[in-house]
>>> print(open('final.cif').read())   # mmCIF, C-alpha atoms, pLDDT in the B column; chains and numbers go by the auth columns
data_coords
#
loop_
_atom_site.group_PDB
_atom_site.id
_atom_site.type_symbol
_atom_site.label_atom_id
_atom_site.label_comp_id
_atom_site.label_asym_id
_atom_site.label_seq_id
_atom_site.Cartn_x
_atom_site.Cartn_y
_atom_site.Cartn_z
_atom_site.B_iso_or_equiv
_atom_site.auth_seq_id
_atom_site.auth_asym_id
ATOM 1 C CA MET A 1 -88.504 1.163 -96.473 55.00 1 M
ATOM 2 C CA PHE A 2 -85.843 3.772 -97.135 57.00 2 M
ATOM 3 C CA GLU A 3 -88.497 6.272 -98.200 58.00 3 M
ATOM 4 C CA MET A 4 -90.405 5.600 -94.995 55.00 4 M
ATOM 5 C CA LEU A 5 -87.292 6.197 -92.904 58.00 5 M
ATOM 6 C CA LYS A 6 -86.603 9.348 -94.891 60.00 6 M
ATOM 7 C CA SER A 7 -90.169 10.593 -94.391 61.00 7 M
ATOM 8 C CA GLY A 8 -89.867 10.090 -90.650 61.00 8 M
ATOM 9 C CA GLY A 9 -87.024 12.591 -90.371 72.00 9 M
ATOM 10 C CA ILE A 10 -83.752 12.523 -88.492 84.00 10 M
ATOM 11 C CA LEU A 11 -85.265 10.908 -85.392 86.00 11 M
ATOM 12 C CA MET A 12 -85.855 7.703 -87.349 88.00 12 M
ATOM 13 C CA LEU A 13 -82.102 7.089 -87.225 90.00 13 M
ATOM 14 C CA PRO A 14 -81.807 6.668 -83.421 93.00 14 M
ATOM 15 C CA ILE A 15 -85.053 4.675 -83.448 94.00 15 M
ATOM 16 C CA ALA A 16 -83.537 2.350 -86.070 92.00 16 M
ATOM 17 C CA VAL A 17 -80.395 1.990 -83.933 95.00 17 M
ATOM 18 C CA CYS A 18 -82.589 1.102 -80.953 96.00 18 M
ATOM 19 C CA ALA A 19 -84.410 -1.485 -83.080 96.00 19 M
ATOM 20 C CA VAL A 20 -81.190 -3.173 -84.209 96.00 20 M
ATOM 21 C CA THR A 21 -79.734 -3.162 -80.674 97.00 21 M
ATOM 22 C CA ALA A 22 -82.928 -4.535 -79.122 97.00 22 M
ATOM 23 C CA THR A 23 -83.070 -7.305 -81.732 97.00 23 M
ATOM 24 C CA PHE A 24 -79.480 -8.316 -80.966 97.00 24 M
ATOM 25 C CA ILE A 25 -80.113 -8.360 -77.209 98.00 25 M
ATOM 26 C CA ILE A 26 -83.317 -10.391 -77.554 97.00 26 M
ATOM 27 C CA ILE A 27 -81.675 -13.018 -79.765 98.00 27 M
ATOM 28 C CA GLU A 28 -78.573 -13.229 -77.536 97.00 28 M
ATOM 29 C CA ARG A 29 -80.587 -13.583 -74.311 97.00 29 M
ATOM 30 C CA CYS A 30 -82.969 -16.166 -75.805 97.00 30 M
ATOM 31 C CA TYR A 31 -80.008 -18.296 -76.833 97.00 31 M
ATOM 32 C CA PHE A 32 -78.276 -17.772 -73.474 97.00 32 M
ATOM 33 C CA PHE A 33 -81.228 -18.890 -71.358 96.00 33 M
ATOM 34 C CA TYR A 34 -81.965 -21.831 -73.641 95.00 34 M
ATOM 35 C CA ALA A 35 -78.330 -22.963 -73.515 95.00 35 M
ATOM 36 C CA ILE A 36 -77.850 -22.710 -69.749 95.00 36 M
ATOM 37 C CA LYS A 37 -81.145 -24.487 -69.051 93.00 37 M
ATOM 38 C CA LYS A 38 -80.057 -27.427 -71.192 94.00 38 M
ATOM 39 C CA ARG A 39 -76.518 -27.519 -69.757 95.00 39 M
ATOM 40 C CA ASP A 40 -77.734 -27.238 -66.158 94.00 40 M
ATOM 41 C CA ARG A 41 -80.100 -30.161 -66.682 94.00 41 M
ATOM 42 C CA ASN A 42 -77.208 -32.328 -67.888 94.00 42 M
ATOM 43 C CA LEU A 43 -74.954 -30.948 -65.142 94.00 43 M
ATOM 44 C CA MET A 44 -77.253 -31.935 -62.281 94.00 44 M
ATOM 45 C CA LYS A 45 -77.929 -35.362 -63.732 93.00 45 M
ATOM 46 C CA THR A 46 -74.218 -36.200 -63.918 94.00 46 M
ATOM 47 C CA MET A 47 -73.360 -34.334 -60.706 93.00 47 M
ATOM 48 C CA LYS A 48 -75.597 -36.606 -58.639 90.00 48 M
ATOM 49 C CA GLU A 49 -73.749 -39.677 -59.877 91.00 49 M
ATOM 50 C CA LEU A 50 -70.300 -38.158 -59.263 93.00 50 M
ATOM 51 C CA LEU A 51 -71.146 -37.002 -55.739 91.00 51 M
ATOM 52 C CA GLN A 52 -72.522 -40.427 -54.850 89.00 52 M
ATOM 53 C CA LYS A 53 -69.160 -41.844 -55.949 90.00 53 M
ATOM 54 C CA LYS A 54 -67.374 -39.007 -54.125 90.00 54 M
ATOM 55 C CA ASP A 55 -65.495 -38.274 -57.337 93.00 55 M
ATOM 56 C CA PHE A 56 -64.990 -34.587 -56.531 92.00 56 M
ATOM 57 C CA SER A 57 -62.213 -34.009 -59.063 93.00 57 M
ATOM 58 C CA SER A 58 -64.410 -35.108 -61.951 94.00 58 M
ATOM 59 C CA ALA A 59 -67.259 -33.017 -60.513 94.00 59 M
ATOM 60 C CA GLU A 60 -65.069 -29.902 -60.602 94.00 60 M
ATOM 61 C CA VAL A 61 -64.019 -30.656 -64.180 95.00 61 M
ATOM 62 C CA LEU A 62 -67.676 -31.087 -65.107 95.00 62 M
ATOM 63 C CA CYS A 63 -68.511 -27.681 -63.605 95.00 63 M
ATOM 64 C CA SER A 64 -65.705 -26.012 -65.547 94.00 64 M
ATOM 65 C CA ALA A 65 -66.896 -27.647 -68.757 95.00 65 M
ATOM 66 C CA SER A 66 -70.525 -26.642 -68.201 94.00 66 M
ATOM 67 C CA GLY A 67 -69.652 -22.976 -67.793 92.00 67 M
ATOM 68 C CA THR A 68 -73.051 -21.919 -66.442 95.00 68 M
ATOM 69 C CA PRO A 69 -73.675 -19.669 -63.408 96.00 69 M
ATOM 70 C CA THR A 70 -75.035 -22.683 -61.516 96.00 70 M
ATOM 71 C CA ALA A 71 -71.922 -24.704 -62.373 96.00 71 M
ATOM 72 C CA GLN A 72 -69.714 -21.851 -61.155 96.00 72 M
ATOM 73 C CA VAL A 73 -71.463 -21.796 -57.769 96.00 73 M
ATOM 74 C CA ILE A 74 -71.367 -25.577 -57.423 96.00 74 M
ATOM 75 C CA LYS A 75 -67.656 -25.560 -58.246 95.00 75 M
ATOM 76 C CA LYS A 76 -67.108 -23.070 -55.406 95.00 76 M
ATOM 77 C CA ALA A 77 -69.004 -25.420 -53.072 94.00 77 M
ATOM 78 C CA LEU A 78 -66.807 -28.318 -54.176 94.00 78 M
ATOM 79 C CA GLU A 79 -63.646 -26.282 -53.615 93.00 79 M
ATOM 80 C CA CYS A 80 -64.825 -25.430 -50.085 92.00 80 M
ATOM 81 C CA ARG A 81 -66.113 -28.892 -49.196 90.00 81 M
ATOM 82 C CA ASN A 82 -63.559 -29.353 -46.410 89.00 82 M
ATOM 83 C CA TRP A 83 -64.334 -26.011 -44.788 90.00 83 M
ATOM 84 C CA ASP A 84 -66.541 -25.471 -41.780 89.00 84 M
ATOM 85 C CA GLU A 85 -70.186 -25.711 -42.890 86.00 85 M
ATOM 86 C CA THR A 86 -70.974 -22.099 -41.984 89.00 86 M
ATOM 87 C CA ASP A 87 -67.935 -20.786 -43.870 91.00 87 M
ATOM 88 C CA MET A 88 -68.761 -22.971 -46.851 92.00 88 M
ATOM 89 C CA LYS A 89 -72.314 -21.619 -47.015 90.00 89 M
ATOM 90 C CA THR A 90 -71.011 -18.049 -46.747 93.00 90 M
ATOM 91 C CA ALA A 91 -68.582 -18.616 -49.628 94.00 91 M
ATOM 92 C CA VAL A 92 -71.279 -20.214 -51.749 94.00 92 M
ATOM 93 C CA SER A 93 -73.703 -17.381 -51.024 94.00 93 M
ATOM 94 C CA ALA A 94 -71.082 -14.807 -52.046 96.00 94 M
ATOM 95 C CA GLU A 95 -70.374 -16.734 -55.255 95.00 95 M
ATOM 96 C CA MET A 96 -74.083 -16.860 -56.014 95.00 96 M
ATOM 97 C CA ASP A 97 -74.321 -13.077 -55.678 95.00 97 M
ATOM 98 C CA ALA A 98 -71.331 -12.779 -58.014 95.00 98 M
ATOM 99 C CA VAL A 99 -72.909 -14.824 -60.826 96.00 99 M
ATOM 100 C CA VAL A 100 -76.323 -13.134 -60.825 95.00 100 M
ATOM 101 C CA PRO A 101 -75.067 -10.302 -63.118 96.00 101 M
ATOM 102 C CA GLN A 102 -74.393 -12.961 -65.766 96.00 102 M
ATOM 103 C CA LEU A 103 -78.122 -13.694 -65.799 96.00 103 M
ATOM 104 C CA GLU A 104 -79.036 -9.997 -65.846 96.00 104 M
ATOM 105 C CA HIS A 105 -76.533 -9.123 -68.587 96.00 105 M
ATOM 106 C CA LEU A 106 -77.918 -6.616 -71.165 95.00 106 M
ATOM 107 C CA LEU A 107 -81.347 -6.432 -69.505 96.00 107 M
ATOM 108 C CA THR A 108 -80.819 -2.855 -68.327 96.00 108 M
ATOM 109 C CA PRO A 109 -80.004 -1.631 -71.877 97.00 109 M
ATOM 110 C CA LEU A 110 -83.076 -3.491 -73.185 97.00 110 M
ATOM 111 C CA GLY A 111 -85.302 -1.794 -70.616 96.00 111 M
ATOM 112 C CA THR A 112 -83.733 1.554 -71.476 97.00 112 M
ATOM 113 C CA ILE A 113 -84.445 0.980 -75.166 97.00 113 M
ATOM 114 C CA ALA A 114 -88.068 0.166 -74.356 95.00 114 M
ATOM 115 C CA ASN A 115 -88.418 3.529 -72.592 95.00 115 M
ATOM 116 C CA ILE A 116 -86.327 5.720 -74.861 96.00 116 M
ATOM 117 C CA SER A 117 -87.948 4.468 -78.084 95.00 117 M
ATOM 118 C CA THR A 118 -91.320 5.716 -76.886 94.00 118 M
ATOM 119 C CA LEU A 119 -89.811 9.078 -75.988 94.00 119 M
ATOM 120 C CA LEU A 120 -88.078 9.355 -79.370 93.00 120 M
ATOM 121 C CA GLY A 121 -91.384 8.653 -81.087 89.00 121 M
ATOM 122 C CA LEU A 122 -93.061 11.293 -78.935 90.00 122 M
ATOM 123 C CA LEU A 123 -90.315 13.760 -79.757 90.00 123 M
ATOM 124 C CA GLY A 124 -90.857 13.045 -83.451 83.00 124 M
ATOM 125 C CA THR A 125 -94.554 13.728 -82.990 84.00 125 M
ATOM 126 C CA VAL A 126 -93.804 17.079 -81.392 83.00 126 M
ATOM 127 C CA THR A 127 -91.272 18.161 -84.029 81.00 127 M
ATOM 128 C CA GLY A 128 -93.585 17.014 -86.830 76.00 128 M
ATOM 129 C CA ASN A 129 -96.479 18.990 -85.417 74.00 129 M
ATOM 130 C CA ILE A 130 -94.263 22.040 -84.992 78.00 130 M
ATOM 131 C CA LYS A 131 -93.362 21.805 -88.677 74.00 131 M
ATOM 132 C CA ALA A 132 -97.030 21.343 -89.601 68.00 132 M
ATOM 133 C CA PHE A 133 -98.089 24.438 -87.694 67.00 133 M
ATOM 134 C CA GLY A 134 -95.158 26.298 -89.231 69.00 134 M
ATOM 135 C CA VAL A 135 -96.451 25.401 -92.699 64.00 135 M
ATOM 136 C CA LEU A 136 -99.971 26.517 -91.764 61.00 136 M
ATOM 137 C CA GLY A 137 -98.694 29.786 -90.410 61.00 137 M
ATOM 138 C CA SER A 138 -96.558 30.632 -93.407 62.00 138 M
ATOM 139 C CA GLY A 139 -98.850 30.041 -96.351 56.00 139 M
ATOM 140 C CA GLY A 140 -102.343 31.421 -96.049 52.00 140 M
ATOM 141 C CA THR A 141 -105.269 29.364 -94.817 49.00 141 M
ATOM 142 C CA MET A 142 -103.931 25.869 -95.531 55.00 142 M
ATOM 143 C CA GLY A 143 -100.276 26.523 -96.372 54.00 143 M
ATOM 144 C CA ASN A 144 -98.429 24.286 -98.812 62.00 144 M
ATOM 145 C CA PRO A 145 -100.339 20.958 -98.896 66.00 145 M
ATOM 146 C CA ALA A 146 -97.214 18.955 -99.798 65.00 146 M
ATOM 147 C CA LEU A 147 -95.162 20.415 -96.952 69.00 147 M
ATOM 148 C CA LEU A 148 -98.070 20.007 -94.560 64.00 148 M
ATOM 149 C CA ALA A 149 -98.499 16.354 -95.519 67.00 149 M
ATOM 150 C CA ALA A 150 -94.743 15.735 -95.078 69.00 150 M
ATOM 151 C CA ALA A 151 -94.800 17.270 -91.607 67.00 151 M
ATOM 152 C CA ILE A 152 -97.810 15.205 -90.554 76.00 152 M
ATOM 153 C CA ALA A 153 -96.210 12.050 -92.008 71.00 153 M
ATOM 154 C CA GLU A 154 -93.069 12.708 -89.969 73.00 154 M
ATOM 155 C CA ALA A 155 -95.115 13.024 -86.795 73.00 155 M
ATOM 156 C CA LEU A 156 -97.071 9.814 -87.431 83.00 156 M
ATOM 157 C CA LEU A 157 -94.152 7.702 -88.666 87.00 157 M
ATOM 158 C CA THR A 158 -91.865 8.483 -85.747 88.00 158 M
ATOM 159 C CA THR A 159 -94.669 7.728 -83.303 89.00 159 M
ATOM 160 C CA ALA A 160 -95.439 4.401 -84.982 91.00 160 M
ATOM 161 C CA ALA A 161 -91.744 3.470 -85.265 91.00 161 M
ATOM 162 C CA GLY A 162 -91.065 4.337 -81.640 93.00 162 M
ATOM 163 C CA LEU A 163 -93.968 2.195 -80.444 94.00 163 M
ATOM 164 C CA ALA A 164 -93.018 -0.648 -82.809 95.00 164 M
ATOM 165 C CA VAL A 165 -89.606 -0.820 -81.132 96.00 165 M
ATOM 166 C CA SER A 166 -90.746 -0.075 -77.583 96.00 166 M
ATOM 167 C CA ILE A 167 -93.567 -2.607 -77.266 97.00 167 M
ATOM 168 C CA PRO A 168 -91.607 -5.810 -78.088 96.00 168 M
ATOM 169 C CA ALA A 169 -88.580 -4.503 -76.176 97.00 169 M
ATOM 170 C CA LEU A 170 -90.740 -3.997 -73.078 97.00 170 M
ATOM 171 C CA ILE A 171 -92.394 -7.404 -73.447 97.00 171 M
ATOM 172 C CA PHE A 172 -89.061 -9.218 -73.769 97.00 172 M
ATOM 173 C CA SER A 173 -87.506 -7.151 -70.984 97.00 173 M
ATOM 174 C CA ASN A 174 -90.206 -8.295 -68.555 97.00 174 M
ATOM 175 C CA TYR A 175 -89.977 -11.848 -69.893 97.00 175 M
ATOM 176 C CA PHE A 176 -86.230 -12.000 -69.338 97.00 176 M
ATOM 177 C CA VAL A 177 -86.593 -10.601 -65.816 97.00 177 M
ATOM 178 C CA SER A 178 -88.989 -13.456 -65.052 97.00 178 M
ATOM 179 C CA ARG A 179 -86.484 -15.910 -66.564 96.00 179 M
ATOM 180 C CA VAL A 180 -83.729 -14.482 -64.352 97.00 180 M
ATOM 181 C CA ASN A 181 -85.865 -14.925 -61.239 96.00 181 M
ATOM 182 C CA ARG A 182 -86.704 -18.479 -62.281 96.00 182 M
ATOM 183 C CA ARG A 183 -83.065 -19.361 -62.963 95.00 183 M
ATOM 184 C CA ILE A 184 -81.992 -17.899 -59.594 95.00 184 M
ATOM 185 C CA ALA A 185 -84.628 -20.005 -57.802 95.00 185 M
ATOM 186 C CA GLU A 186 -83.515 -23.145 -59.668 95.00 186 M
ATOM 187 C CA MET A 187 -79.870 -22.345 -58.998 95.00 187 M
ATOM 188 C CA GLU A 188 -80.535 -21.996 -55.281 94.00 188 M
ATOM 189 C CA SER A 189 -82.375 -25.318 -55.281 94.00 189 M
ATOM 190 C CA ASN A 190 -79.600 -27.119 -57.173 93.00 190 M
ATOM 191 C CA VAL A 191 -76.837 -25.638 -55.029 94.00 191 M
ATOM 192 C CA THR A 192 -78.709 -26.510 -51.832 93.00 192 M
ATOM 193 C CA THR A 193 -78.987 -30.114 -53.018 92.00 193 M
ATOM 194 C CA VAL A 194 -75.242 -30.228 -53.675 93.00 194 M
ATOM 195 C CA LEU A 195 -74.471 -28.725 -50.250 92.00 195 M
ATOM 196 C CA LEU A 196 -76.667 -31.321 -48.552 90.00 196 M
ATOM 197 C CA ARG A 197 -74.802 -34.081 -50.383 89.00 197 M
ATOM 198 C CA LEU A 198 -71.418 -32.611 -49.497 87.00 198 M
ATOM 199 C CA THR A 199 -72.343 -32.342 -45.824 83.00 199 M
ATOM 200 C CA GLY A 200 -73.739 -35.862 -45.776 77.00 200 M
ATOM 201 C CA ARG A 201 -77.341 -34.829 -45.115 72.00 201 M
ATOM 202 C CA ILE A 202 -78.559 -36.752 -48.172 72.00 202 M
ATOM 203 C CA LEU A 203 -76.997 -39.483 -50.262 60.00 203 M
#
>>> encode(input="final.cif", output="structure tokens")
Amino acid sequence: MFEMLKSGGILMLPIAVCAVTATFIIIERCYFFYAIKKRDRNLMKTMKELLQKKDFSSAEVLCSASGTPTAQVIKKALECRNWDETDMKTAVSAEMDAVVPQLEHLLTPLGTIANISTLLGLLGTVTGNIKAFGVLGSGGTMGNPALLAAAIAEALLTTAAGLAVSIPALIFSNYFVSRVNRRIAEMESNVTTVLLRLTGRIL
């Protein structure tokens, strides 16, 4: 592995950094979305019972303990339950906008890695080919075969490494964006249900 990185030249270093960073982001986001989905399911199940009992204090404590974006928005709704309905909806909508960045956390860097890894691989291809043509131009008809092979290897390795990092990063980036959209839709549905219970529209 070390020899492969060495053969790829200096550009393999930033590609390796991109690979490590992308791996961290993917693992962190997978755990995050799994955790909040599970906690939100438990939150809404218990929340229904507490609201039916009108035990708002326990409902607020439950939201604080859950610690999810949905719980944060519901807690804001509970805190504003005695407000005018229009003002309460405005406050809840503002809180919802405020928690969306928690869902989108680290997705921009992941998308950037997906793009920049490809470009780094392309840059390695260009520099490798420049070296290859330099070898051809400096040593007769074929130049030094060993130097020529090293230059070609650098071009191919950086291209392959860049794509190996870029492709999964792009796939997971799009996947997480879809998860964000799904969580936002579910959050809106859950919060709307809570608002209807607080305003007495449903029991």
>>> atom_distance(input="final.cif", atom1="CA of Ala91 in chain M", atom2="CA of Ile36 in chain M")
22.5 Å
>>> atom_distance(input="final.cif", atom1="CA of Leu103 in chain M", atom2="CA of Thr68 in chain M")
9.7 Å
>>> resolve_selection(input="final.cif", expression="the PyMOL selection byres ((chain M and resi 55-66) around 9)", output="list in words")
Ile36, Arg39, Asp40, Asn42, Leu43, Thr46, Met47, Glu49, Leu50, Leu51, Gln52, Lys53, Lys54, Gly67, Thr68, Thr70, Ala71, Gln72, Val73, Ile74, Lys75, Lys76, Leu78 and Glu79 of chain M
>>> closest_residue(input="final.cif", among="M:Ala77, M:Ala114, M:Leu157, M:Val20", to="Thr199 in chain M", atoms="all atoms listed in the file")
M:Ala77
>>> residues_near_point(input="final.cif", point="(-81.4, -21.6, -65.8)", cutoff="8 Å", atoms="all atoms listed in the file", output="PyMOL selection string")
chain M and resi 33-34+36-37+40+70+179-180+182-184+186-187
>>> resolve_selection(input="final.cif", expression="the PyMOL selection byres ((chain M and resi 124) around 7)", output="list in words")
Leu11, Leu120, Gly121, Leu122, Leu123, Thr125, Val126, Thr127, Gly128, Glu154, Ala155, Thr158 and Thr159 of chain M
>>> atom_distance(input="final.cif", atom1="CA of Leu156 in chain M", atom2="CA of Gly9 in chain M")
10.8 Å
>>> resolve_selection(input="final.cif", expression="the PyMOL selection byres ((chain M and resi 15) around 10)", output="number ranges by chain")
M: 5, 10-14, 16-21, 113, 116-121, 158, 161-166
>>> closest_residue(input="final.cif", among="M:Lys45, M:Asn181, M:Trp83, M:Ile130", to="Glu104 in chain M", atoms="all atoms listed in the file")
M:Asn181
>>> axis_aligned_box(input="final.cif", around="range 90-93 of chain M", padding_each_side="5 Å", output="AutoDock Vina command-line options")
--center_x -71.1 --center_y -18.8 --center_z -49.2 --size_x 15.1 --size_y 12.8 --size_z 15.0
>>> residues_around(input="final.cif", residues="Ser93 in chain M", least_positions_apart="4", cutoff="10 Å", atoms="only C-alpha atoms", output="PyMOL selection string")
chain M and resi 73+76-77+87-89+97-98+188+191
